[in-house]
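Structure data (compact mmCIF, C-alpha atoms and all ligand atoms) from protein08.txt:
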```txt
# COMPACT_ATOMS: atom_id res chain seq x y z
CA LYS A 11 33.85 24.64 -5.07
CA VAL A 12 33.15 22.11 -2.33
CA LYS A 13 30.59 19.46 -3.19
CA ALA A 14 28.87 17.35 -0.57
CA PHE A 15 28.03 13.77 -1.51
CA ILE A 16 25.42 12.74 1.03
CA PHE A 17 24.39 9.11 1.34
CA ASP A 18 21.32 7.72 3.02
CA LEU A 19 22.09 4.45 4.81
CA ASP A 20 19.26 1.91 4.89
CA GLY A 21 18.40 0.80 1.38
CA VAL A 22 21.23 2.81 -0.22
CA ILE A 23 24.50 1.64 1.32
CA VAL A 24 23.28 -1.49 3.07
CA ASP A 25 20.36 -3.79 2.50
CA THR A 26 18.86 -3.26 5.95
CA ALA A 27 15.49 -2.10 4.60
CA LYS A 28 14.47 -5.77 4.52
CA TYR A 29 15.23 -6.13 8.24
CA HIS A 30 13.23 -3.03 9.14
CA TYR A 31 10.39 -4.54 7.11
CA LEU A 32 10.53 -7.90 8.88
CA ALA A 33 10.65 -6.31 12.33
CA TRP A 34 7.70 -4.00 11.63
CA LYS A 35 5.70 -6.75 9.93
CA LYS A 36 5.99 -8.90 13.04
CA ILE A 37 4.49 -6.18 15.23
CA ALA A 38 1.83 -5.24 12.69
CA ASN A 39 0.73 -8.86 12.33
CA GLU A 40 0.59 -9.29 16.11
CA LEU A 41 -1.79 -6.33 16.11
CA GLY A 42 -3.91 -7.96 13.43
CA ILE A 43 -2.78 -5.55 10.72
CA ASP A 44 -1.98 -6.85 7.28
CA PHE A 45 1.40 -5.32 6.36
CA THR A 46 2.50 -5.38 2.76
CA HIS A 47 5.60 -4.22 0.89
CA GLU A 48 3.51 -1.31 -0.36
CA HIS A 49 2.78 -0.23 3.20
CA ASN A 50 6.47 -0.59 3.90
CA GLU A 51 7.32 2.09 1.30
CA LEU A 52 5.57 4.57 3.60
CA LEU A 53 8.06 3.77 6.36
CA LYS A 54 11.28 4.04 4.40
CA GLY A 55 13.41 6.95 5.58
CA VAL A 56 10.84 7.67 8.28
CA SER A 57 11.84 7.75 11.98
CA ARG A 58 11.09 4.82 14.27
CA VAL A 59 8.45 6.72 16.26
CA ARG A 60 6.67 8.00 13.17
CA SER A 61 6.81 4.55 11.56
CA LEU A 62 4.88 3.04 14.46
CA ASP A 63 2.28 5.80 14.26
CA ILE A 64 1.81 5.09 10.54
CA ILE A 65 1.29 1.37 11.25
CA LEU A 66 -1.24 2.12 13.99
CA GLU A 67 -3.06 4.48 11.62
CA LEU A 68 -3.21 1.69 9.01
CA GLY A 69 -4.94 -0.51 11.57
CA ASN A 70 -7.09 2.24 13.04
CA ILE A 71 -5.58 1.49 16.42
CA ASN A 72 -5.48 3.89 19.33
CA ALA A 73 -2.70 2.89 21.69
CA SER A 74 -1.43 4.16 25.01
CA GLN A 75 2.03 5.67 25.21
CA GLU A 76 3.04 2.73 27.37
CA ASP A 77 2.10 0.21 24.68
CA LYS A 78 3.79 2.31 22.02
CA ASN A 79 7.03 2.40 23.99
CA LYS A 80 6.85 -1.37 24.42
CA TRP A 81 6.44 -1.92 20.67
CA LEU A 82 9.23 0.54 19.83
CA ILE A 83 11.62 -1.38 22.06
CA GLN A 84 10.43 -4.71 20.68
CA LYS A 85 10.90 -3.50 17.10
CA ASN A 86 14.42 -2.29 17.71
CA GLU A 87 15.48 -5.43 19.58
CA ASP A 88 14.14 -7.56 16.76
CA TYR A 89 15.85 -5.33 14.15
CA LEU A 90 19.16 -5.45 16.03
CA SER A 91 19.00 -9.25 16.18
CA TYR A 92 19.29 -9.26 12.38
CA LEU A 93 22.42 -7.11 12.56
CA VAL A 94 24.43 -9.28 14.95
CA ASP A 95 26.36 -11.07 12.21
CA MET A 96 26.49 -8.12 9.85
CA ASP A 97 29.70 -7.60 7.87
CA GLU A 98 30.88 -5.98 4.63
CA SER A 99 28.96 -8.54 2.58
CA GLU A 100 25.78 -6.54 3.37
CA ILE A 101 27.05 -3.52 1.43
CA LEU A 102 24.90 -3.19 -1.67
CA PRO A 103 26.43 -3.89 -5.11
CA GLY A 104 28.26 -0.98 -6.71
CA VAL A 105 28.45 1.12 -3.55
CA MET A 106 32.14 0.51 -2.77
CA PRO A 107 33.40 1.53 -6.23
CA VAL A 108 31.41 4.78 -6.01
CA LEU A 109 32.69 5.60 -2.50
CA LYS A 110 36.24 4.82 -3.63
CA TYR A 111 35.93 6.87 -6.81
CA LEU A 112 34.69 9.89 -4.86
CA LYS A 113 37.49 9.56 -2.31
CA THR A 114 40.14 9.20 -5.03
CA ASN A 115 38.80 12.39 -6.54
CA ASN A 116 39.05 14.25 -3.22
CA GLN A 117 35.31 14.59 -2.73
CA LYS A 118 33.60 15.06 0.63
CA ILE A 119 31.24 12.31 1.76
CA ALA A 120 28.57 12.45 4.46
CA LEU A 121 25.96 10.15 5.88
CA GLY A 122 22.42 11.49 6.18
CA SER A 123 20.31 8.80 7.81
CA ALA A 124 17.16 8.73 9.92
CA SER A 125 18.46 5.69 11.78
CA LYS A 126 19.67 5.75 15.36
CA ASN A 127 21.63 2.58 14.57
CA ALA A 128 23.73 4.14 11.80
CA ARG A 129 27.17 4.21 13.45
CA PRO A 130 27.32 0.56 14.51
CA ILE A 131 26.25 -0.41 10.98
CA LEU A 132 29.06 1.64 9.42
CA GLU A 133 31.50 0.07 11.89
CA LYS A 134 30.35 -3.50 11.30
CA THR A 135 30.56 -3.09 7.54
CA GLY A 136 34.00 -1.46 7.84
CA ILE A 137 33.24 1.78 5.96
CA LEU A 138 33.18 4.33 8.79
CA ASP A 139 36.44 5.91 7.57
CA TYR A 140 34.92 6.93 4.23
CA PHE A 141 32.68 9.48 5.93
CA ASP A 142 33.84 13.04 6.58
CA ALA A 143 30.61 13.75 8.46
CA ILE A 144 27.81 11.68 9.94
CA VAL A 145 24.33 12.97 10.69
CA ASP A 146 21.84 10.38 11.90
CA GLY A 147 18.64 9.90 13.86
CA ASN A 148 20.38 10.84 17.09
CA ASP A 149 21.31 14.29 15.78
CA VAL A 150 18.12 15.65 14.28
CA SER A 151 14.72 16.57 15.63
CA ASN A 152 12.80 16.67 12.35
CA ALA A 153 12.33 13.52 10.30
CA LYS A 154 12.50 13.31 6.48
CA PRO A 155 10.82 14.76 4.38
CA ASP A 156 12.09 17.61 6.54
CA PRO A 157 15.53 18.35 5.07
CA GLU A 158 17.24 18.92 8.47
CA VAL A 159 19.39 15.79 8.27
CA PHE A 160 20.79 16.68 4.82
CA VAL A 161 21.17 20.41 5.52
CA ARG A 162 23.24 19.65 8.61
CA ALA A 163 25.39 17.21 6.67
CA ALA A 164 26.07 19.82 3.98
CA GLN A 165 26.94 22.42 6.63
CA LEU A 166 29.42 20.06 8.28
CA LEU A 167 31.15 19.67 4.91
CA ASN A 168 31.03 23.43 4.21
CA ALA A 169 29.01 22.92 1.07
CA SER A 170 25.96 24.87 -0.04
CA ASN A 171 22.67 23.04 -0.48
CA GLU A 172 22.90 23.63 -4.25
CA ASP A 173 26.30 21.90 -4.28
CA SER A 174 25.00 18.88 -2.40
CA ILE A 175 24.10 15.55 -3.95
CA VAL A 176 21.83 13.16 -2.07
CA PHE A 177 21.53 9.42 -2.74
CA GLU A 178 18.20 8.14 -1.44
CA ASP A 179 15.98 5.07 -1.70
CA SER A 180 12.91 6.57 -0.01
CA VAL A 181 10.21 8.92 -1.24
CA ALA A 182 10.48 10.95 1.99
CA GLY A 183 14.25 11.29 1.52
CA VAL A 184 13.99 12.38 -2.12
CA GLN A 185 11.42 14.98 -1.08
CA ALA A 186 13.73 16.19 1.71
CA ALA A 187 16.58 16.71 -0.77
CA ASN A 188 14.30 18.50 -3.22
CA ILE A 189 12.91 20.81 -0.56
CA ALA A 190 16.48 21.85 0.29
CA HIS A 191 17.30 22.45 -3.43
CA MET A 192 19.86 19.67 -3.41
CA ASN A 193 20.50 17.27 -6.27
CA SER A 194 18.36 14.21 -5.56
CA ILE A 195 19.44 10.85 -6.89
CA GLY A 196 16.90 8.09 -6.36
CA ILE A 197 18.17 4.55 -5.96
CA GLY A 198 15.38 2.11 -6.70
CA GLU A 199 12.21 1.89 -8.76
CA LYS A 200 11.34 4.64 -11.27
CA ASN A 201 7.63 4.56 -10.50
CA VAL A 202 8.25 5.02 -6.76
CA LEU A 203 11.03 7.62 -6.89
CA HIS A 204 9.81 9.70 -9.86
CA GLU A 205 10.30 12.96 -7.95
CA ALA A 206 14.09 12.51 -7.96
CA ASN A 207 16.32 14.52 -10.34
CA TYR A 208 17.98 11.28 -11.46
CA ILE A 209 16.98 7.66 -10.86
CA PHE A 210 19.18 4.57 -10.93
CA HIS A 211 18.07 1.05 -10.22
CA ASP A 212 21.21 0.48 -8.15
CA PHE A 213 24.80 1.70 -7.87
CA THR A 214 26.13 -0.74 -10.45
CA THR A 215 24.42 1.34 -13.15
CA ILE A 216 26.08 4.61 -12.09
CA GLU A 217 28.96 5.34 -14.46
CA THR A 218 32.05 7.31 -13.53
CA SER A 219 31.21 9.79 -16.31
CA PHE A 220 28.03 10.61 -14.39
CA LEU A 221 30.01 11.10 -11.17
CA ASP A 222 32.47 13.33 -13.06
CA GLN A 223 29.53 15.45 -14.20
CA LEU A 224 28.37 15.85 -10.59
CA ILE A 225 31.89 16.67 -9.41
CA ASN A 226 32.58 19.26 -12.10
CA ASN A 227 29.34 21.09 -12.76
P1 LIG B 1 16.12 3.15 13.45
P2 LIG B 1 17.63 5.71 6.46
C1 LIG B 1 15.75 4.89 8.15
O1 LIG B 1 17.08 4.90 7.72
C2 LIG B 1 14.99 3.71 7.58
O2 LIG B 1 14.81 3.84 6.19
C3 LIG B 1 13.65 3.61 8.24
O3 LIG B 1 12.95 2.49 7.75
C4 LIG B 1 13.83 3.52 9.75
O4 LIG B 1 12.58 3.49 10.42
C5 LIG B 1 14.62 4.74 10.23
O5 LIG B 1 15.86 4.76 9.56
C6 LIG B 1 14.88 4.69 11.72
O6 LIG B 1 15.77 3.66 11.98
O7 LIG B 1 14.91 2.45 13.99
O8 LIG B 1 17.30 2.25 13.21
O9 LIG B 1 16.48 4.37 14.26
O10 LIG B 1 17.01 5.08 5.27
O11 LIG B 1 17.28 7.16 6.67
O12 LIG B 1 19.12 5.46 6.53
MG MG B 2 16.82 4.71 3.16
```
Could you show the structure in this file as structure tokens?
Ligand code: B16
Ligand code: MG
Amino acid sequence: KVKAFIFDLDGVIVDTAKYHYLAWKKIANELGIDFTHEHNELLKGVSRVRSLDIILELGNINASQEDKNKWLIQKNEDYLSYLVDMDESEILPGVMPVLKYLKTNNQKIALGSASKNARPILEKTGILDYFDAIVDGNDVSNAKPDPEVFVRAAQLLNASNEDSIVFEDSVAGVQAANIAHMNSIGIGEKNVLHEANYIFHDFTTIETSFLDQLINN
């Protein structure tokens, strides 16, 4: 039976969630909106366009499409400026051993990310070759919690939804996996990701016996 191990990118494989936060905070503050880490949870896993709408809703701001486009460009330019010097040191602890263990055990690996910047990040961090399929923000029309991104990844790997395992740091992403009847594994805080089937604080606490269980069940 083919299993699909589907990884989210930002906040799961690399620590880019902090850069998204900084770039959005800058725009929010310019608009006079107080932007906290709690607000930021609402944006995790959410597309760029939808993220801006959420921020504007927080500030009760009605903006023209022209202004919105300007802020979307500004956000991405700012975000990309943080990625210029990115290398493998940005890969989160415990991720490489898990990717390697899955590869050694002939498992299929996919990326399922909302980001339109996913490929350059995988290239810069040197892990592109681990992925048998990549589905990102350029490929899908429906944002998480819609499961489109994960369903397409599973299809590309010829795995059923039930045989797919999703690693996610966002509430929207965990919900997307659950909606598709996939195995959801939350990476982060228990109180935030309580809807996930399993929760780990980070990849260093995932044991190979747990991976074996996922591979063999
Ligand atoms: P971009 P993921 C998501 O990536 C981020 O969590 C989210 O904060 C971001 O707004 C979204 O990608 C879009 O990213 O602006 O680079 O296209 O967590 O699904 O890998
Ligand atoms: Mg994420």
request  = Could you give me, as a ChimeraX atom specification, the residues within 12 Å of Glu87 (chain A), counting all atoms listed in the file and dropping anything in the same chain fewer than 6 positions from it?
outcome  = /A:29-30,33-34,37,80-81,93-94,127
Take the residues just selected and output them with C-alpha atoms as a PDB file, keeping the file's coordinate frame.
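Written file, again.pdb:
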```pdb
ATOM      1  CA  TYR A  29      15.230  -6.130   8.240  1.00  0.00           C
ATOM      2  CA  HIS A  30      13.230  -3.030   9.140  1.00  0.00           C
ATOM      3  CA  ALA A  33      10.650  -6.310  12.330  1.00  0.00           C
ATOM      4  CA  TRP A  34       7.700  -4.000  11.630  1.00  0.00           C
ATOM      5  CA  ILE A  37       4.490  -6.180  15.230  1.00  0.00           C
ATOM      6  CA  LYS A  80       6.850  -1.370  24.420  1.00  0.00           C
ATOM      7  CA  TRP A  81       6.440  -1.920  20.670  1.00  0.00           C
ATOM      8  CA  LEU A  93      22.420  -7.110  12.560  1.00  0.00           C
ATOM      9  CA  VAL A  94      24.430  -9.280  14.950  1.00  0.00           C
ATOM     10  CA  ASN A 127      21.630   2.580  14.570  1.00  0.00           C
TER      11      ASN A 127
END
```
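Taking only C-alpha atoms and all ligand atoms into account, the protein and nucleic acid residues that come at most 7 Å from ligand LIG 1 (chain B) are Asp18, Leu19, Asp20, Gly21, Ala27, His30, Leu53, Lys54, Gly55, Val56, Ser57, Arg58, Ser61, Asn86, Gly122, Ser123, Ala124, Ser125, Lys126, Asn127, Ala128, Gly147 and Ser180 of chain A.
Candidate residues A:Phe177, A:Phe220, A:Phe141, A:Tyr111 were compared for distance to ligand MG 2 (chain B), and the nearest is A:Phe177, using all atoms listed in the file.
Using only C-alpha atoms for every distance, the candidate list A:Met96, A:Pro155, A:Val150, A:Ser194 yields A:Ser194 as the residue closest to Asn171 (chain A).
Our summary of the geometry notes that CA of Ala186 (chain A) is positioned 17.9 Å from CA of Asn201 (chain A).
For the residues A:Pro157, A:Asp212, A:Asp142, A:Ser170, ranking by smallest atom-to-atom distance to Ala182 (chain A) using only C-alpha atoms places A:Pro157 first.
Once Phe213 (chain A) and its same-chain neighbours fewer than 6 positions away are set aside, Leu102, Pro103, Gly104, Val105, Val108 and Ile197 of chain A remain within 8 Å of it when counting all atoms listed in the file.
Residue nearest ligand MG 2 (chain B), chosen from A:Ile83, A:Leu166, A:Ile16, A:Val22 and counting all atoms listed in the file: A:Val22.
In this comparison, which uses all atoms listed in the file, the residue of A:Ala14, A:Ile64, A:Leu112, A:Leu32 approaching Tyr92 (chain A) most closely is A:Leu32.
Our summary of the geometry notes that CA of Ile101 (chain A) is positioned 16.7 Å from CA of Phe210 (chain A).
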If I put a ball of radius 8 Å at (31.5, 19.2, 2.4) in the file's coordinates, which residues poke into it when counting only C-alpha atoms, written as a PDB file with C-alpha atoms, in the frame of the given file?
```
ATOM      1  CA  VAL A  12      33.150  22.110  -2.330  1.00  0.00           C
ATOM      2  CA  LYS A  13      30.590  19.460  -3.190  1.00  0.00           C
ATOM      3  CA  ALA A  14      28.870  17.350  -0.570  1.00  0.00           C
ATOM      4  CA  PHE A  15      28.030  13.770  -1.510  1.00  0.00           C
ATOM      5  CA  GLN A 117      35.310  14.590  -2.730  1.00  0.00           C
ATOM      6  CA  LYS A 118      33.600  15.060   0.630  1.00  0.00           C
ATOM      7  CA  ILE A 119      31.240  12.310   1.760  1.00  0.00           C
ATOM      8  CA  ALA A 120      28.570  12.450   4.460  1.00  0.00           C
ATOM      9  CA  ASP A 142      33.840  13.040   6.580  1.00  0.00           C
ATOM     10  CA  ALA A 163      25.390  17.210   6.670  1.00  0.00           C
ATOM     11  CA  ALA A 164      26.070  19.820   3.980  1.00  0.00           C
ATOM     12  CA  GLN A 165      26.940  22.420   6.630  1.00  0.00           C
ATOM     13  CA  LEU A 166      29.420  20.060   8.280  1.00  0.00           C
ATOM     14  CA  LEU A 167      31.150  19.670   4.910  1.00  0.00           C
ATOM     15  CA  ASN A 168      31.030  23.430   4.210  1.00  0.00           C
ATOM     16  CA  ALA A 169      29.010  22.920   1.070  1.00  0.00           C
TER      17      ALA A 169
END
```
message = Tell me which residues come within 12 Å of (9.9, 13.3, -11.5), as a ChimeraX atom specification, counting all atoms listed in the file in the file's coordinates.
response = /A:181,184-185,188,194-196,199-209
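Reported to one decimal place, the separation of CA of Tyr140 (chain A) from CA of Leu109 (chain A) is 7.2 Å.
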Complete region 122-146 of chain A at the level of N, CA and C atoms, written as a PDB file, in the frame of the given file.
```pdb
ATOM      1  N   GLY A 122      23.631  10.781   5.759  1.00  0.00           N
ATOM      2  CA  GLY A 122      22.420  11.490   6.180  1.00  0.00           C
ATOM      3  C   GLY A 122      21.305  10.483   6.362  1.00  0.00           C
ATOM      4  N   SER A 123      21.241   9.920   7.559  1.00  0.00           N
ATOM      5  CA  SER A 123      20.310   8.800   7.810  1.00  0.00           C
ATOM      6  C   SER A 123      19.348   9.115   8.937  1.00  0.00           C
ATOM      7  N   ALA A 124      18.144   8.578   8.840  1.00  0.00           N
ATOM      8  CA  ALA A 124      17.160   8.730   9.920  1.00  0.00           C
ATOM      9  C   ALA A 124      17.412   7.742  11.043  1.00  0.00           C
ATOM     10  N   SER A 125      18.297   6.795  10.815  1.00  0.00           N
ATOM     11  CA  SER A 125      18.460   5.690  11.780  1.00  0.00           C
ATOM     12  C   SER A 125      19.305   6.072  12.986  1.00  0.00           C
ATOM     13  N   LYS A 126      18.880   5.583  14.127  1.00  0.00           N
ATOM     14  CA  LYS A 126      19.670   5.750  15.360  1.00  0.00           C
ATOM     15  C   LYS A 126      20.710   4.638  15.466  1.00  0.00           C
ATOM     16  N   ASN A 127      20.674   3.691  14.560  1.00  0.00           N
ATOM     17  CA  ASN A 127      21.630   2.580  14.570  1.00  0.00           C
ATOM     18  C   ASN A 127      22.701   2.737  13.493  1.00  0.00           C
ATOM     19  N   ALA A 128      22.857   3.941  12.960  1.00  0.00           N
ATOM     20  CA  ALA A 128      23.730   4.140  11.800  1.00  0.00           C
ATOM     21  C   ALA A 128      25.211   3.843  12.083  1.00  0.00           C
ATOM     22  N   ARG A 129      25.730   4.384  13.186  1.00  0.00           N
ATOM     23  CA  ARG A 129      27.170   4.210  13.450  1.00  0.00           C
ATOM     24  C   ARG A 129      27.603   2.759  13.588  1.00  0.00           C
ATOM     25  N   PRO A 130      26.909   1.967  14.429  1.00  0.00           N
ATOM     26  CA  PRO A 130      27.320   0.560  14.510  1.00  0.00           C
ATOM     27  C   PRO A 130      27.256  -0.165  13.165  1.00  0.00           C
ATOM     28  N   ILE A 131      26.332   0.233  12.302  1.00  0.00           N
ATOM     29  CA  ILE A 131      26.250  -0.410  10.980  1.00  0.00           C
ATOM     30  C   ILE A 131      27.471  -0.048  10.134  1.00  0.00           C
ATOM     31  N   LEU A 132      27.868   1.232  10.179  1.00  0.00           N
ATOM     32  CA  LEU A 132      29.060   1.640   9.420  1.00  0.00           C
ATOM     33  C   LEU A 132      30.311   0.948   9.964  1.00  0.00           C
ATOM     34  N   GLU A 133      30.344   0.756  11.284  1.00  0.00           N
ATOM     35  CA  GLU A 133      31.500   0.070  11.890  1.00  0.00           C
ATOM     36  C   GLU A 133      31.538  -1.395  11.484  1.00  0.00           C
ATOM     37  N   LYS A 134      30.395  -2.059  11.612  1.00  0.00           N
ATOM     38  CA  LYS A 134      30.350  -3.500  11.300  1.00  0.00           C
ATOM     39  C   LYS A 134      30.699  -3.778   9.843  1.00  0.00           C
ATOM     40  N   THR A 135      30.291  -2.871   8.961  1.00  0.00           N
ATOM     41  CA  THR A 135      30.560  -3.090   7.540  1.00  0.00           C
ATOM     42  C   THR A 135      31.925  -2.526   7.130  1.00  0.00           C
ATOM     43  N   GLY A 136      32.624  -1.891   8.077  1.00  0.00           N
ATOM     44  CA  GLY A 136      34.000  -1.460   7.840  1.00  0.00           C
ATOM     45  C   GLY A 136      34.153  -0.238   6.946  1.00  0.00           C
ATOM     46  N   ILE A 137      33.134   0.629   6.874  1.00  0.00           N
ATOM     47  CA  ILE A 137      33.240   1.780   5.960  1.00  0.00           C
ATOM     48  C   ILE A 137      33.181   3.121   6.677  1.00  0.00           C
ATOM     49  N   LEU A 138      33.256   3.087   8.009  1.00  0.00           N
ATOM     50  CA  LEU A 138      33.180   4.330   8.790  1.00  0.00           C
ATOM     51  C   LEU A 138      34.161   5.391   8.294  1.00  0.00           C
ATOM     52  N   ASP A 139      35.382   4.967   7.937  1.00  0.00           N
ATOM     53  CA  ASP A 139      36.440   5.910   7.570  1.00  0.00           C
ATOM     54  C   ASP A 139      36.169   6.675   6.268  1.00  0.00           C
ATOM     55  N   TYR A 140      35.227   6.214   5.478  1.00  0.00           N
ATOM     56  CA  TYR A 140      34.920   6.930   4.230  1.00  0.00           C
ATOM     57  C   TYR A 140      34.166   8.234   4.483  1.00  0.00           C
ATOM     58  N   PHE A 141      33.596   8.364   5.694  1.00  0.00           N
ATOM     59  CA  PHE A 141      32.680   9.480   5.930  1.00  0.00           C
ATOM     60  C   PHE A 141      33.359  10.651   6.638  1.00  0.00           C
ATOM     61  N   ASP A 142      33.284  11.826   5.998  1.00  0.00           N
ATOM     62  CA  ASP A 142      33.840  13.040   6.580  1.00  0.00           C
ATOM     63  C   ASP A 142      32.868  13.647   7.578  1.00  0.00           C
ATOM     64  N   ALA A 143      31.606  13.273   7.497  1.00  0.00           N
ATOM     65  CA  ALA A 143      30.610  13.750   8.460  1.00  0.00           C
ATOM     66  C   ALA A 143      29.490  12.713   8.555  1.00  0.00           C
ATOM     67  N   ILE A 144      28.922  12.606   9.744  1.00  0.00           N
ATOM     68  CA  ILE A 144      27.810  11.680   9.940  1.00  0.00           C
ATOM     69  C   ILE A 144      26.685  12.410  10.655  1.00  0.00           C
ATOM     70  N   VAL A 145      25.517  12.422  10.032  1.00  0.00           N
ATOM     71  CA  VAL A 145      24.330  12.970  10.690  1.00  0.00           C
ATOM     72  C   VAL A 145      23.288  11.855  10.662  1.00  0.00           C
ATOM     73  N   ASP A 146      22.799  11.479  11.843  1.00  0.00           N
ATOM     74  CA  ASP A 146      21.840  10.380  11.900  1.00  0.00           C
ATOM     75  C   ASP A 146      20.662  10.707  12.807  1.00  0.00           C
TER      76      ASP A 146
END
```
